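This is target_11.pdb. It holds PDB, C-alpha atoms, pLDDT in the B column.
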ATOM      1  CA  MET A   1       0.000   0.000   0.000  1.00 62.00           C
ATOM      2  CA  ALA A   2       1.244   3.466  -0.855  1.00 76.00           C
ATOM      3  CA  LYS A   3       2.221   5.566   2.101  1.00 86.00           C
ATOM      4  CA  VAL A   4       0.283   8.817   2.142  1.00 84.00           C
ATOM      5  CA  THR A   5       2.007  11.617   3.968  1.00 95.00           C
ATOM      6  CA  GLN A   6       0.281  14.127   6.237  1.00 95.00           C
ATOM      7  CA  LYS A   7       1.279  16.851   3.773  1.00 96.00           C
ATOM      8  CA  GLN A   8      -0.441  15.063   0.870  1.00 96.00           C
ATOM      9  CA  LEU A   9      -3.605  14.610   2.914  1.00 96.00           C
ATOM     10  CA  ILE A  10      -3.685  18.294   3.838  1.00 97.00           C
ATOM     11  CA  GLU A  11      -3.109  19.358   0.224  1.00 97.00           C
ATOM     12  CA  GLN A  12      -5.884  17.036  -0.910  1.00 97.00           C
ATOM     13  CA  GLN A  13      -8.286  18.443   1.672  1.00 98.00           C
ATOM     14  CA  GLN A  14      -7.436  22.024   0.746  1.00 98.00           C
ATOM     15  CA  LYS A  15      -8.095  21.226  -2.911  1.00 98.00           C
ATOM     16  CA  GLN A  16     -11.492  19.787  -1.979  1.00 98.00           C
ATOM     17  CA  ILE A  17     -12.268  22.867   0.129  1.00 98.00           C
ATOM     18  CA  GLU A  18     -11.435  25.146  -2.813  1.00 99.00           C
ATOM     19  CA  GLU A  19     -13.707  23.096  -5.082  1.00 99.00           C
ATOM     20  CA  LEU A  20     -16.506  23.310  -2.512  1.00 98.00           C
ATOM     21  CA  LYS A  21     -16.073  27.080  -2.300  1.00 99.00           C
ATOM     22  CA  GLN A  22     -16.497  27.298  -6.080  1.00 98.00           C
ATOM     23  CA  VAL A  23     -19.656  25.185  -5.924  1.00 98.00           C
ATOM     24  CA  ILE A  24     -21.105  27.280  -3.091  1.00 98.00           C
ATOM     25  CA  LYS A  25     -20.270  30.483  -4.962  1.00 98.00           C
ATOM     26  CA  ALA A  26     -22.000  29.198  -8.099  1.00 98.00           C
ATOM     27  CA  LYS A  27     -25.024  28.165  -6.035  1.00 98.00           C
ATOM     28  CA  ASP A  28     -25.222  31.612  -4.427  1.00 98.00           C
ATOM     29  CA  ILE A  29     -25.086  33.283  -7.847  1.00 98.00           C
ATOM     30  CA  LEU A  30     -27.823  30.972  -9.121  1.00 97.00           C
ATOM     31  CA  ILE A  31     -30.029  31.677  -6.106  1.00 97.00           C
ATOM     32  CA  GLN A  32     -29.468  35.407  -6.566  1.00 97.00           C
ATOM     33  CA  LYS A  33     -30.497  35.179 -10.225  1.00 97.00           C
ATOM     34  CA  LEU A  34     -33.599  33.195  -9.316  1.00 96.00           C
ATOM     35  CA  ASN A  35     -34.497  35.751  -6.664  1.00 96.00           C
ATOM     36  CA  ASP A  36     -34.037  38.584  -9.145  1.00 95.00           C
ATOM     37  CA  GLU A  37     -36.314  36.827 -11.641  1.00 94.00           C
ATOM     38  CA  TYR A  38     -38.904  36.096  -8.982  1.00 91.00           C
ATOM     39  CA  LEU A  39     -38.964  39.648  -7.662  1.00 88.00           C
ATOM     40  CA  LYS A  40     -39.424  41.276 -11.088  1.00 82.00           C
TER      41      LYS A  40
END

Could you write out this file's structure as structure tokens?
Amino acid sequence: MAKVTQKQLIEQQQKQIEELKQVIKAKDILIQKLNDEYLK
């Protein structure tokens, strides 16, 4: 089995966090657009 270092795990987690931030940002933009449409 390949030995995974603490550093690799942390880098992997940070990459996942960045991806999540992008998804959340996109979701917020989508919600904002829907709200704008709804409130017209």

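The spacing separating CA of Glu19 in chain A from CA of Thr5 in chain A amounts to 21.5 Å.
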
Original post:
Hey, can you check how far CA of Gln14 in chain A sits from CA of Gln32 in chain A?
Top reply: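 Computing the Euclidean distance for CA of Gln14 in chain A and CA of Gln32 in chain A yields 26.8 Å.
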
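Here CA of Leu34 in chain A is placed at a distance of 20.9 Å from CA of Leu20 in chain A.
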